[in-house]
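Chemist: Sharing a structure, written as C-alpha cells. Questions coming.
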Amino acid sequence: MRANQRISESANQRTGILRNGVEAHLHLRRSAARVQVLAGHAHCPEKPANPKGGLRTASSPGSLYRGWRPGAMALLLIIGALLIGCAAPIRNPTALRSGDYSPQSAIHTIATGVDPEAWARVPAGPFLYGQHEVETDVPYDYEMMVTTVTNAQYARYLNEALAAGTVKLDGDRIVGYYPGDVFHGYKHEEEIPAGNWPHLTINEPGLRLDFDNGRFSALLPYENHPMVLVTWFGAKAYCDFYGWRLPAEVEWEKAARGTDNRPFPWGDKLALNNANFYSSRDRFEKIAGKAGDTTPVGFYNGRVYDGYQTLDSASPYGLYDMAGNVWQWTGDVYEGIHYRYLRGGSKANYGYNLRVWTRNNATPVYASPNVGFRCVRETVD
C-alpha cells in the first residue's frame with residue numbers, strides 16, 4: 001500500500017557525510033615486480049564507516065587484495081615508500097599534483113556543450129519516492145542546477161566569499177560560521193554547536209584548486225569537473241551565498257526520477273556509457289585504471305569524445321550527472337541525527353548503486369574526492 005506524504009515548502013538546510021576510504025589504485029603484476037601508482041588517493045571502493053563519520057554504504061566492490069602470494073609483503077613495503085614520496089602537494093597548476101591520476105598533458109580540457117550555469121525547472125506534483133515507491137507530493141515548482149558545481153564555479157565563489165567576509169582562511173583550511181543544530185541528546189547523536197566549521201582544506205591531495213597570492217583558481221584541465229573534497233558546510237555555504245540552498249532529499253530524487261518510476265535518471269537500464277561508475281570503462285579509466293577519475297559535468301550527453309561514444313543520460317527534467325561521477329550532498333537535517341545524506345552514487349561505486357533511491361550518509365565535516373553537490377532555488381519567471 002502506498003502512503004501519501006506531503007513535504008513543506010520550506011526545505012530545511014541540512015547536513016550529510018561519506019567516507020570513501022583510501023583511493024589509490026595499485027596494479028600488482030605477478031610477472032613483474034613493478035608497482036604503478038595511478039592515483040594520489042588509494043582506491044578502496046567505498047565501505048561502511050566507523051561511528052565517527054566514515055562512509056556508510058554497503059555497496060562496495062570486493063577487496064583488491066585477495067589472493068596474495070609469497071613476496072607480497074615485500075611489495076607492500078615498496079608501495080609504502082612510494083606513497084610517502086607522493087604526499088607533498090605541488091602548487092604549480094601546470095604540474096602533476098598529488099591526487100591527480102595522470103600528467104596534466106594526458107587529459108585535455110573537454111567541452112561537453114552542457115552549461116554549468118544552467119538551471120532546470122521541476123514542476124509541482126506527486127511522484128513515487130524511494131525503493132518502496134511511496135507516493136509523495138512536492139507541492140511547489142523549483143529549479144535545480146543542471147550539473148553539479150564545478151571547480152571553476154567554486155573557485156570564483158571562494159574569491160567572492162573571502163572578499164565579502166563570509167568565509168575566512170584558518171591555517172590551511174577555509175572555514176565559515178554555521179549556527180548549529182538543535183541537540184536532542186539521543187543515543188549516538190553528536191552535537192553540532194554554533195561556530196566556525198571547515199569547508200575545505202587547501203592542501204588536500206586531489207583538490208583541483210590552486211591558491212596563489214590570495215586568490216583561488218581551478219586547475220587545468222579540471223575547471224569543468226565537479227568540485228570535490230568539500231564538506232557539507234562548504235556545500236551549504238556556496239548555495240547560501242547566492243541565495244540558493246542544498247536540495248532536500250525528496251527534491252533531489254524527484255528531479256532525478258520524474259514521475260514514471262524509473263530506476264535510473266535516463267530510464268530502466270544501465271549501460272557502461274550512461275554514467276561514470278566503477279569499472280565503467282570510460283576514457284578516463286584508460287589513463288587511471290578502474291578507480292577512474294571524475295568526468296566533466298554533462299559528459300554523458302550523447303556526444304563522441306576522442307572516439308568514445310556516450311549515451312544521452314539526462315533526467316526527465318534535463319539534469320545531468322544525477323547518477324555516478326560524484327555523490328551529492330543534500331540539505332536535510334533530521335531530528336536527532338547528526339549525519340547528512342548524499343544521493344546519486346559515484347565513480348567509486350558499482351552500477352547498482354546508481355539507482356535513484358540509493359542513499360548514503362556521512363558527518364558534515366566529511367570531504368572526499370567522490371563527493372560534490374548542486375543547488376536548488378525558487379522558480380525564476
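Ordering of the C-alpha cells sets the chain letters (A, B, ...); residue numbers start at 1 within each chain; ligands are numbered from 1 in the order shown.
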Segment 201-351 of chain A: which residues are strand (DSSP E) by DSSP, as a PyMOL selection string?
Modeler: chain A and resi 201+209-212+215-218+304-305+308-309+327-329+340-343
Chemist: Can you pull out every residue within 6 Å of segment 179-189 of chain A, counting only C-alpha atoms, but drop anything in the same chain fewer than 5 positions away, and send it as a list of chain:residue names?
Modeler: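 The residues satisfying every condition are A:Ala194, A:Gly336, A:Ile337, A:His338.
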Chemist: Looking at only C-alpha atoms, which of A:Gly302, A:Gly345, A:Gly214, A:Gly318 is the one that sits closest to Met144 of chain A?
Modeler: A:Gly318
Chemist: Looking at only C-alpha atoms, which of A:Val297, A:Ala155, A:Val146, A:Ala248 is the one that sits closest to Lys236 of chain A?
Modeler: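 Of all the options, A:Ala248 lies closest to Lys236 of chain A.
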Chemist: Between A:Gly125, A:Pro198, A:Pro139, A:Gly298, single out the one closest to Gly234 of chain A, counting only C-alpha atoms.
Modeler: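 Nearest candidate to Gly234 of chain A out of A:Gly125, A:Pro198, A:Pro139, A:Gly298: A:Pro198.
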Chemist: To one decimal place, how far is atom CA of Arg245 of chain A from atom CA of Phe277 of chain A in Å?
Modeler: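 Result for atom CA of Arg245 of chain A versus atom CA of Phe277 of chain A: 26.7 Å, one decimal.
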